[in-house]
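A.B. asks: Let me give you the structure first, and then I'll get to my questions.
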Amino acid sequence: MVKPISKIASAIAPSATLAISALAKQMKADGIDVVSFGAGEPDFDTPETIKEAGIAAIRANKTRYTPAAGIMELRRAICNRMKEDLGLEYEPSQVVVASGAKHSVYLAIMTCCDPGDEVVVAAPYWLSYAEMIRMAGAIPVEVRAEASAHFKITAEQLEAAITDKTKMFMLNSPSNPTGMVYAKEELEALAAVCEKHGIYVLADDIYYKLVYDGIEYTSIASVSPAMKEQCIVVNGVSKTYAMTGWRVGYTLSNPTVAKAMSSYASHSTGAPATMAQWAALEALEGPQDSVEEMRKEFEKRRDHLVERMNKVPGVSCIKPQGAFYVMMDMSSFVGKTMYGKVIENDSDFAQLLLEKNLVATVPCASFAAPNYLRWSYATSMEQIDKGIDRLEEFIANA
């Protein structure tokens with residue numbers, strides 16, 4: 001009899017949203033008019049100049065292995081973009097290019113954390129964070145912020161969560177799923193706690209270009225020299241340039257961490273696809289007008305979705321400041337009977353909304369935000385209106 005798989009692999013939880021996502025996909029495949037708000041990616045096409053750069057790289061036979069940390073041209077471009085956009089100065093040797101920002105987060109955790117270490121995570125958080133921490137044998141420690149605090153934790157909460165086992169603090173701003181953005185003074189307070197305890201900070205800045213209402217974005221790595229030394233900045237081209245499928249992310253960190261991450265990558269995946277790296281180079285160095293056009297369109301959609309959602313009886317949301325998600329509070333329906341079924345949690349509500357009125361959303365219990373549904377406005381105004389119309393009908397006819 002074959003021996004069992006590893007304990008770490010056995011403990012990885014499947015996505016709590018998998019059943020609803022699978023059902024929505026099957027219904028669409030069957031020709032049913034499902035309106036989906038589950039997308040974690042822009043609905044815009046990759047800009048033509050970037051696509052052409054990828055094609056040109058293939059035609060120029062730029063198809064062979066690259067250094068594990070990525071081509072030097074791309075690493076220089078990343079340094080230049082981070083300096084221009086965030087005021088952060090790094091050397092190319094401090095950049096490690098990986099197969100998407102998700103892979104970058106994973107590499108950072110695996111590089112910095114030992115089994116038994118604790119990693120404090122600001123919640124609500126993207127559901128993969130906790131599983132990645134567990135995959136390293138480390139322990140996720142959740143610090144939750146409520147809607148009344150605009151889903152942002154305080155320095156006092158962070159301080160209370162830190163023990164002698166704490167190795168890292170993970171922060172995502174703008175946040176998936178809340179869309180909230182930490183202000184500079186909030187980041188300075190959090191940074192002071194991390195500096196005091198000498199812990200790493202993983203700053204997931206992947207949505208940094210998608211901020212609204214004239215907000216000036218600040219990366220926590222920029223608040224002090226000490227914080228920059230302790231920080232591993234995660235970023236990429238997926239959200240900013242509508243390049244999710246190209247799989248190019250990157251980290252910027254101190255030389256010791258960067259060298260170790262590069263070694264880790266060299267013995268696991270190697271660098272991302274060579275032609276995708278050349279396309280990413282064009283994204284970072286080429287015209288940036290498409291980024292602002294996309295941002296403006298997302299802001300319009302956000303305003304429209306929030307206005308309409310807050311007029312629906314029984315549900316509500318706060319206006320997000322960035323990314324492209326809205327968190328809908330459906331807690332008023334918990335314990336009530338809808339269509340003959342008692343609603344016990346967000347998954348029950350989401351399942352019924354899909355089955356009865358063909359609207360696919362993401363239940364947020366696995367994001368550490370029970371009784372919320374995440375709606376992505378990476379979709380058209382027409383689809384937003386259709387989805388809210390159906391939500392109103394769903395509630396009115398229950």
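Residue names in the structure tokens use chain letters A, B, ... in the order shown, residue numbers from 1 in each chain, and ligand numbers from 1 in the order shown.
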Could you find all residues in stretch 242-396 of chain A that DSSP calls helix (DSSP H, G or I) from the backbone, and write them as a PyMOL selection string?
C.D. replies: chain A and resi 244-246+255-266+274-285+289-309+331-333+346-357+365-367+381-396
A.B. asks: Give me the residues near A:Trp278 as number ranges by chain, where near means some atom within 7 Å (using only C-alpha atoms) and where sequence neighbours in that chain fewer than 6 positions away do not count.
C.D. replies: A: 53-54, 57
A.B. asks: Between A:Met72, A:Met338, A:Ala258, A:Leu202, which has the minimum distance to A:Tyr129 (counting only C-alpha atoms)?
C.D. replies: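 Smallest distance to A:Tyr129 is found for A:Leu202.
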A.B. asks: Report as a tab-separated table (two decimals) with all heavy atoms, in the first residue's frame all protein, DNA and RNA residues lying within 10 Å of stretch 281-290 of chain A, evaluated on only C-alpha atoms, omitting residues in the same chain fewer than 5 positions from it.
C.D. replies:
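Result went into part-v8.tsv, see below:
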```tsv
chain	number	residue	atom	x	y	z
A	44	PHE	N	-10.43	44.29	-19.63
A	44	PHE	CA	-9.82	44.96	-20.77
A	44	PHE	C	-8.81	44.04	-21.44
A	44	PHE	O	-8.24	43.16	-20.79
A	44	PHE	CB	-9.12	46.25	-20.32
A	44	PHE	CG	-10.05	47.28	-19.74
A	44	PHE	CD1	-10.43	47.23	-18.42
A	44	PHE	CD2	-10.57	48.29	-20.54
A	44	PHE	CE1	-11.30	48.17	-17.88
A	44	PHE	CE2	-11.43	49.24	-20.02
A	44	PHE	CZ	-11.80	49.17	-18.68
A	46	THR	N	-5.17	43.18	-23.19
A	46	THR	CA	-3.79	43.65	-23.09
A	46	THR	C	-3.55	44.67	-24.21
A	46	THR	O	-3.89	44.41	-25.37
A	46	THR	CB	-2.81	42.48	-23.25
A	46	THR	OG1	-3.07	41.49	-22.26
A	46	THR	CG2	-1.37	42.95	-23.12
A	47	PRO	N	-2.97	45.84	-23.89
A	47	PRO	CA	-2.72	46.84	-24.93
A	47	PRO	C	-1.91	46.30	-26.10
A	47	PRO	O	-1.05	45.42	-25.93
A	47	PRO	CB	-1.94	47.92	-24.18
A	47	PRO	CG	-2.44	47.82	-22.77
A	47	PRO	CD	-2.64	46.35	-22.54
A	49	THR	N	0.49	47.45	-27.99
A	49	THR	CA	1.96	47.56	-27.99
A	49	THR	C	2.61	46.46	-27.18
A	49	THR	O	3.69	45.98	-27.53
A	49	THR	CB	2.38	48.94	-27.43
A	49	THR	OG1	1.81	49.12	-26.13
A	49	THR	CG2	1.94	50.07	-28.34
A	50	ILE	N	1.96	46.05	-26.12
A	50	ILE	CA	2.49	44.98	-25.27
A	50	ILE	C	2.38	43.64	-25.98
A	50	ILE	O	3.33	42.83	-25.99
A	50	ILE	CB	1.75	44.95	-23.92
A	50	ILE	CG1	1.95	46.28	-23.18
A	50	ILE	CG2	2.23	43.78	-23.07
A	50	ILE	CD1	1.11	46.44	-21.92
A	51	LYS	N	1.23	43.40	-26.60
A	51	LYS	CA	1.07	42.15	-27.36
A	51	LYS	C	2.10	42.05	-28.47
A	51	LYS	O	2.70	40.98	-28.69
A	51	LYS	CB	-0.36	42.06	-27.92
A	51	LYS	CG	-1.43	41.83	-26.87
A	51	LYS	CD	-2.78	41.50	-27.47
A	51	LYS	CE	-3.47	42.71	-28.02
A	51	LYS	NZ	-4.88	42.44	-28.41
A	52	GLU	N	2.30	43.15	-29.16
A	52	GLU	CA	3.27	43.14	-30.27
A	52	GLU	C	4.69	42.88	-29.78
A	52	GLU	O	5.49	42.23	-30.46
A	52	GLU	CB	3.22	44.48	-31.03
A	52	GLU	CG	1.96	44.66	-31.87
A	52	GLU	CD	1.78	43.55	-32.90
A	52	GLU	OE1	2.79	43.11	-33.49
A	52	GLU	OE2	0.63	43.12	-33.10
A	53	ALA	N	5.01	43.39	-28.57
A	53	ALA	CA	6.34	43.14	-28.01
A	53	ALA	C	6.55	41.66	-27.71
A	53	ALA	O	7.63	41.12	-27.93
A	53	ALA	CB	6.53	43.96	-26.73
A	54	GLY	N	5.49	41.00	-27.24
A	54	GLY	CA	5.59	39.57	-27.00
A	54	GLY	C	5.76	38.78	-28.29
A	54	GLY	O	6.57	37.85	-28.37
A	71	ILE	N	15.24	38.66	-16.86
A	71	ILE	CA	16.20	39.34	-17.72
A	71	ILE	C	16.59	40.69	-17.10
A	71	ILE	O	15.78	41.35	-16.45
A	71	ILE	CB	15.65	39.55	-19.15
A	71	ILE	CG1	14.34	40.36	-19.14
A	71	ILE	CG2	15.44	38.21	-19.85
A	71	ILE	CD1	13.80	40.71	-20.52
A	73	GLU	N	17.14	43.56	-18.46
A	73	GLU	CA	16.40	44.70	-18.99
A	73	GLU	C	15.09	44.91	-18.22
A	73	GLU	O	14.70	46.04	-17.93
A	73	GLU	CB	16.10	44.49	-20.48
A	73	GLU	CG	17.32	44.50	-21.38
A	73	GLU	CD	17.96	43.12	-21.54
A	73	GLU	OE1	17.68	42.22	-20.70
A	73	GLU	OE2	18.72	42.95	-22.51
A	74	LEU	N	14.41	43.82	-17.92
A	74	LEU	CA	13.15	43.91	-17.19
A	74	LEU	C	13.38	44.36	-15.75
A	74	LEU	O	12.64	45.19	-15.21
A	74	LEU	CB	12.41	42.58	-17.23
A	74	LEU	CG	11.09	42.50	-16.45
A	74	LEU	CD1	10.12	43.59	-16.89
A	74	LEU	CD2	10.46	41.12	-16.61
A	75	ARG	N	14.41	43.81	-15.11
A	75	ARG	CA	14.68	44.20	-13.73
A	75	ARG	C	15.04	45.68	-13.63
A	75	ARG	O	14.65	46.37	-12.68
A	75	ARG	CB	15.79	43.32	-13.14
A	75	ARG	CG	15.28	41.90	-12.78
A	75	ARG	CD	16.36	41.08	-12.13
A	75	ARG	NE	17.23	40.47	-13.11
A	75	ARG	CZ	18.44	39.98	-12.82
A	75	ARG	NH1	18.93	40.08	-11.60
A	75	ARG	NH2	19.16	39.42	-13.77
A	76	ARG	N	15.76	46.20	-14.60
A	76	ARG	CA	16.06	47.65	-14.61
A	76	ARG	C	14.77	48.45	-14.78
A	76	ARG	O	14.58	49.48	-14.12
A	76	ARG	CB	17.03	47.98	-15.76
A	76	ARG	CG	18.47	47.55	-15.51
A	76	ARG	CD	19.41	48.32	-16.44
A	76	ARG	NE	20.75	47.75	-16.41
A	76	ARG	CZ	21.26	46.92	-17.31
A	76	ARG	NH1	20.51	46.53	-18.35
A	76	ARG	NH2	22.48	46.46	-17.20
A	77	ALA	N	13.92	47.99	-15.68
A	77	ALA	CA	12.65	48.70	-15.93
A	77	ALA	C	11.77	48.70	-14.69
A	77	ALA	O	11.08	49.69	-14.40
A	77	ALA	CB	11.92	48.05	-17.10
A	78	ILE	N	11.78	47.61	-13.95
A	78	ILE	CA	11.01	47.52	-12.70
A	78	ILE	C	11.53	48.55	-11.70
A	78	ILE	O	10.75	49.28	-11.07
A	78	ILE	CB	11.08	46.10	-12.12
A	78	ILE	CG1	10.26	45.13	-12.99
A	78	ILE	CG2	10.58	46.07	-10.67
A	78	ILE	CD1	10.51	43.67	-12.71
A	79	CYS	N	12.85	48.63	-11.57
A	79	CYS	CA	13.44	49.63	-10.66
A	79	CYS	C	13.04	51.04	-11.06
A	79	CYS	O	12.66	51.86	-10.21
A	79	CYS	CB	14.97	49.50	-10.65
A	79	CYS	SG	15.59	47.98	-9.90
A	80	ASN	N	13.08	51.33	-12.35
A	80	ASN	CA	12.72	52.66	-12.83
A	80	ASN	C	11.25	52.97	-12.58
A	80	ASN	O	10.89	54.09	-12.17
A	80	ASN	CB	13.02	52.79	-14.33
A	80	ASN	CG	14.51	52.75	-14.62
A	80	ASN	OD1	15.34	53.05	-13.76
A	80	ASN	ND2	14.86	52.39	-15.85
A	81	ARG	N	10.38	51.99	-12.81
A	81	ARG	CA	8.95	52.20	-12.61
A	81	ARG	C	8.63	52.41	-11.13
A	81	ARG	O	7.83	53.27	-10.75
A	81	ARG	CB	8.18	51.00	-13.17
A	81	ARG	CG	6.66	51.02	-12.99
A	81	ARG	CD	6.00	52.23	-13.56
A	81	ARG	NE	6.31	52.48	-14.96
A	81	ARG	CZ	6.19	53.65	-15.56
A	81	ARG	NH1	5.75	54.70	-14.86
A	81	ARG	NH2	6.49	53.82	-16.83
A	82	MET	N	9.26	51.63	-10.25
A	82	MET	CA	9.02	51.77	-8.81
A	82	MET	C	9.54	53.11	-8.28
A	82	MET	O	8.94	53.72	-7.39
A	82	MET	CB	9.66	50.61	-8.05
A	82	MET	CG	9.01	49.26	-8.28
A	82	MET	SD	7.28	49.17	-7.72
A	82	MET	CE	6.40	49.48	-9.28
A	236	GLY	N	3.44	43.55	-9.95
A	236	GLY	CA	3.39	42.80	-11.20
A	236	GLY	C	2.66	43.58	-12.27
A	236	GLY	O	2.21	44.71	-12.04
A	237	VAL	N	2.52	42.97	-13.42
A	237	VAL	CA	1.89	43.65	-14.56
A	237	VAL	C	0.45	43.20	-14.79
A	237	VAL	O	-0.22	43.72	-15.67
A	237	VAL	CB	2.72	43.43	-15.85
A	237	VAL	CG1	4.10	44.05	-15.71
A	237	VAL	CG2	2.84	41.94	-16.19
A	240	THR	N	-2.45	46.10	-13.55
A	240	THR	CA	-2.21	47.43	-14.12
A	240	THR	C	-2.29	47.44	-15.64
A	240	THR	O	-2.79	48.40	-16.23
A	240	THR	CB	-0.83	47.94	-13.67
A	240	THR	OG1	-0.79	47.97	-12.25
A	240	THR	CG2	-0.55	49.33	-14.21
A	241	TYR	N	-1.80	46.37	-16.26
A	241	TYR	CA	-1.72	46.36	-17.73
A	241	TYR	C	-2.61	45.28	-18.36
A	241	TYR	O	-2.43	44.96	-19.53
A	241	TYR	CB	-0.27	46.15	-18.17
A	241	TYR	CG	0.65	47.22	-17.64
A	241	TYR	CD1	1.46	47.00	-16.52
A	241	TYR	CD2	0.71	48.49	-18.23
A	241	TYR	CE1	2.29	47.98	-16.00
A	241	TYR	CE2	1.54	49.49	-17.73
A	241	TYR	CZ	2.32	49.22	-16.62
A	241	TYR	OH	3.14	50.20	-16.11
A	242	ALA	N	-3.57	44.75	-17.58
A	242	ALA	CA	-4.48	43.72	-18.09
A	242	ALA	C	-3.69	42.55	-18.69
A	242	ALA	O	-3.94	42.14	-19.82
A	242	ALA	CB	-5.45	44.32	-19.12
A	243	MET	N	-2.74	42.03	-17.92
A	243	MET	CA	-1.85	40.97	-18.40
A	243	MET	C	-1.90	39.73	-17.49
A	243	MET	O	-0.89	39.06	-17.28
A	243	MET	CB	-0.41	41.49	-18.48
A	243	MET	CG	-0.17	42.54	-19.54
A	243	MET	SD	1.53	43.13	-19.54
A	243	MET	CE	2.44	41.67	-20.12
A	275	MET	N	9.34	35.24	-23.50
A	275	MET	CA	8.61	36.22	-24.31
A	275	MET	C	7.66	37.08	-23.47
A	275	MET	O	7.43	38.25	-23.77
A	275	MET	CB	7.86	35.55	-25.46
A	275	MET	CG	6.79	34.54	-25.06
A	275	MET	SD	7.44	33.01	-24.31
A	275	MET	CE	8.34	32.28	-25.67
A	276	ALA	N	7.13	36.50	-22.38
A	276	ALA	CA	6.28	37.27	-21.48
A	276	ALA	C	7.08	38.34	-20.74
A	276	ALA	O	6.58	39.44	-20.46
A	276	ALA	CB	5.60	36.34	-20.48
A	295	ARG	N	-8.28	52.87	-15.34
A	295	ARG	CA	-8.57	53.33	-13.98
A	295	ARG	C	-9.83	54.21	-13.95
A	295	ARG	O	-10.70	54.04	-13.08
A	295	ARG	CB	-7.37	54.11	-13.44
A	295	ARG	CG	-7.44	54.42	-11.93
A	295	ARG	CD	-6.55	55.58	-11.55
A	295	ARG	NE	-7.01	56.84	-12.15
A	295	ARG	CZ	-8.04	57.56	-11.69
A	295	ARG	NH1	-8.71	57.15	-10.63
A	295	ARG	NH2	-8.39	58.68	-12.29
A	296	LYS	N	-9.94	55.13	-14.89
A	296	LYS	CA	-11.10	56.02	-14.94
A	296	LYS	C	-12.39	55.24	-15.18
A	296	LYS	O	-13.44	55.54	-14.58
A	296	LYS	CB	-10.92	57.06	-16.05
A	296	LYS	CG	-9.92	58.16	-15.72
A	296	LYS	CD	-9.82	59.16	-16.87
A	296	LYS	CE	-8.88	60.31	-16.54
A	296	LYS	NZ	-8.72	61.26	-17.68
```
A.B. asks: Between A:Lys102, A:Lys209, A:Lys3, A:Arg390, which is the closest to A:Val291 once you count only C-alpha atoms?
C.D. replies: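 Looking only at the distances to A:Val291, the closest residue turns out to be A:Lys209.
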A.B. asks: Find the residue from A:Ser331, A:Ser268, A:Ser253, A:Ser222 that sits nearest to A:Val95; use only C-alpha atoms when measuring.
C.D. replies: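 Looking only at the distances to A:Val95, the closest residue turns out to be A:Ser253.
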A.B. asks: Taking only C-alpha atoms into account, name the residue in A:Ala273, A:Val315, A:Ala221, A:Val362 that is nearest to A:Ala203.
C.D. replies: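 Ranked by minimum distance to A:Ala203, first place goes to A:Ala221.
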A.B. asks: Hey, what's within 10 Å of A:Val334 if we count only C-alpha atoms and toss same-chain stuff fewer than 4 positions away? As a list in words, please?
C.D. replies: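 The filter keeps Met330, Met338, Val342, Ile343, Glu344, Asn345, Asp346, Asp348, Phe349 and Asn371 of chain A.
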A.B. asks: Find the spatial neighbours of stretch 145-157 of chain A, counting only C-alpha atoms, within a cut-off of 8 Å - ignore same-chain residues fewer than 4 positions away - and output them as a list of chain:residue names.
C.D. replies: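 With the cut-off at 8 Å, the set is A:Ala122, A:Ala123, A:Pro124, A:Ala161, A:Thr178, A:Met180, A:Tyr182, A:Glu186, A:Ala189, A:Leu190, A:Val193, A:Ile318.
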A.B. asks: Please indicate the distance in Å from atom CA of A:Ala368 to atom CA of A:Met327, rounded to one decimal place.
C.D. replies: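 Going from atom CA of A:Ala368 over to atom CA of A:Met327 covers 12.1 Å.
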A.B. asks: Using only C-alpha atoms, determine which residues lie at most 12 Å from A:Lys25, disregarding the query and same-chain residues fewer than 2 positions distant; provide the list as a tab-separated table (two decimals) with N, CA, C and O atoms, in the first residue's frame.
C.D. replies:
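So part20.tsv came out as:
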```tsv
chain	number	residue	atom	x	y	z
A	18	LEU	N	-15.19	27.20	-4.69
A	18	LEU	CA	-15.06	26.31	-5.84
A	18	LEU	C	-16.41	25.78	-6.32
A	18	LEU	O	-16.68	25.73	-7.51
A	19	ALA	N	-17.27	25.37	-5.39
A	19	ALA	CA	-18.55	24.77	-5.78
A	19	ALA	C	-19.42	25.77	-6.55
A	19	ALA	O	-19.99	25.45	-7.59
A	20	ILE	N	-19.50	27.00	-6.04
A	20	ILE	CA	-20.31	28.02	-6.71
A	20	ILE	C	-19.70	28.39	-8.05
A	20	ILE	O	-20.40	28.53	-9.06
A	21	SER	N	-18.37	28.53	-8.10
A	21	SER	CA	-17.69	28.85	-9.35
A	21	SER	C	-17.91	27.76	-10.39
A	21	SER	O	-18.19	28.05	-11.55
A	22	ALA	N	-17.80	26.52	-9.96
A	22	ALA	CA	-18.00	25.40	-10.88
A	22	ALA	C	-19.43	25.36	-11.40
A	22	ALA	O	-19.66	25.11	-12.59
A	23	LEU	N	-20.38	25.64	-10.52
A	23	LEU	CA	-21.78	25.65	-10.93
A	23	LEU	C	-22.04	26.76	-11.94
A	23	LEU	O	-22.72	26.56	-12.95
A	27	MET	N	-23.34	26.24	-15.77
A	27	MET	CA	-24.57	26.87	-16.24
A	27	MET	C	-24.32	27.69	-17.51
A	27	MET	O	-25.10	27.66	-18.46
A	28	LYS	N	-23.19	28.43	-17.54
A	28	LYS	CA	-22.84	29.19	-18.73
A	28	LYS	C	-22.59	28.26	-19.91
A	28	LYS	O	-23.01	28.54	-21.04
A	29	ALA	N	-21.89	27.16	-19.65
A	29	ALA	CA	-21.61	26.18	-20.71
A	29	ALA	C	-22.89	25.58	-21.26
A	29	ALA	O	-22.95	25.20	-22.44
A	30	ASP	N	-23.92	25.53	-20.43
A	30	ASP	CA	-25.21	24.99	-20.85
A	30	ASP	C	-26.08	26.04	-21.53
A	30	ASP	O	-27.25	25.80	-21.82
A	31	GLY	N	-25.51	27.22	-21.74
A	31	GLY	CA	-26.23	28.28	-22.44
A	31	GLY	C	-27.11	29.14	-21.57
A	31	GLY	O	-27.93	29.91	-22.07
A	32	ILE	N	-26.96	29.03	-20.25
A	32	ILE	CA	-27.78	29.83	-19.33
A	32	ILE	C	-27.14	31.20	-19.15
A	32	ILE	O	-25.92	31.33	-19.03
A	33	ASP	N	-27.97	32.23	-19.10
A	33	ASP	CA	-27.50	33.62	-19.05
A	33	ASP	C	-27.10	34.01	-17.63
A	33	ASP	O	-27.79	34.78	-16.95
A	34	VAL	N	-25.97	33.50	-17.18
A	34	VAL	CA	-25.45	33.85	-15.86
A	34	VAL	C	-24.69	35.17	-15.95
A	34	VAL	O	-23.88	35.37	-16.86
A	35	VAL	N	-24.95	36.08	-15.01
A	35	VAL	CA	-24.20	37.32	-14.90
A	35	VAL	C	-23.14	37.10	-13.82
A	35	VAL	O	-23.48	36.86	-12.67
A	36	SER	N	-21.89	37.18	-14.21
A	36	SER	CA	-20.81	36.83	-13.27
A	36	SER	C	-20.09	38.07	-12.75
A	36	SER	O	-19.69	38.94	-13.53
A	38	GLY	N	-17.51	37.47	-10.46
A	38	GLY	CA	-16.44	36.79	-9.74
A	38	GLY	C	-15.05	37.12	-10.23
A	38	GLY	O	-14.06	36.71	-9.62
A	354	LEU	N	-27.38	32.53	-7.27
A	354	LEU	CA	-26.97	31.96	-8.54
A	354	LEU	C	-28.05	31.04	-9.11
A	354	LEU	O	-28.42	31.14	-10.29
A	358	LEU	N	-29.54	33.73	-11.28
A	358	LEU	CA	-28.43	33.64	-12.24
A	358	LEU	C	-27.39	34.75	-12.08
A	358	LEU	O	-26.90	35.31	-13.06
A	359	VAL	N	-27.05	35.06	-10.82
A	359	VAL	CA	-26.00	36.03	-10.52
A	359	VAL	C	-24.90	35.32	-9.73
A	359	VAL	O	-25.16	34.77	-8.67
A	360	ALA	N	-23.68	35.33	-10.27
A	360	ALA	CA	-22.54	34.67	-9.63
A	360	ALA	C	-21.69	35.69	-8.89
A	360	ALA	O	-21.20	36.65	-9.49
```
A.B. asks: When distances are computed from only C-alpha atoms, which of A:Lys259, A:His197, A:His267, A:Lys386 shows the smallest separation from A:Met227?
C.D. replies: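 Of A:Lys259, A:His197, A:His267, A:Lys386, the one nearest A:Met227 is A:His197, counting only C-alpha atoms.
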A.B. asks: I'd like the interatomic distance between atom CA of A:Met309 and atom CA of A:Thr244, to a tenth of an Å.
C.D. replies: 27.8 Å
A.B. asks: At what distance in Å, to one decimal, does atom CA of A:Ala68 lie from atom CA of A:Trp246?
C.D. replies: 16.9 Å
A.B. asks: Based on DSSP run over this structure's backbone, return all residues of stretch 31-113 of chain A in strand (DSSP E or B), as a ChimeraX atom specification.
C.D. replies: /A:35-36,95-98
A.B. asks: Leaving out A:Glu229 and any residue of its chain fewer than 3 positions from it, which residues lie within 12 Å of it when counting only C-alpha atoms, given as a PyMOL selection string?
C.D. replies: chain A and resi 88-90+94+191+194-195+198-202+220-226+232-233+252-258
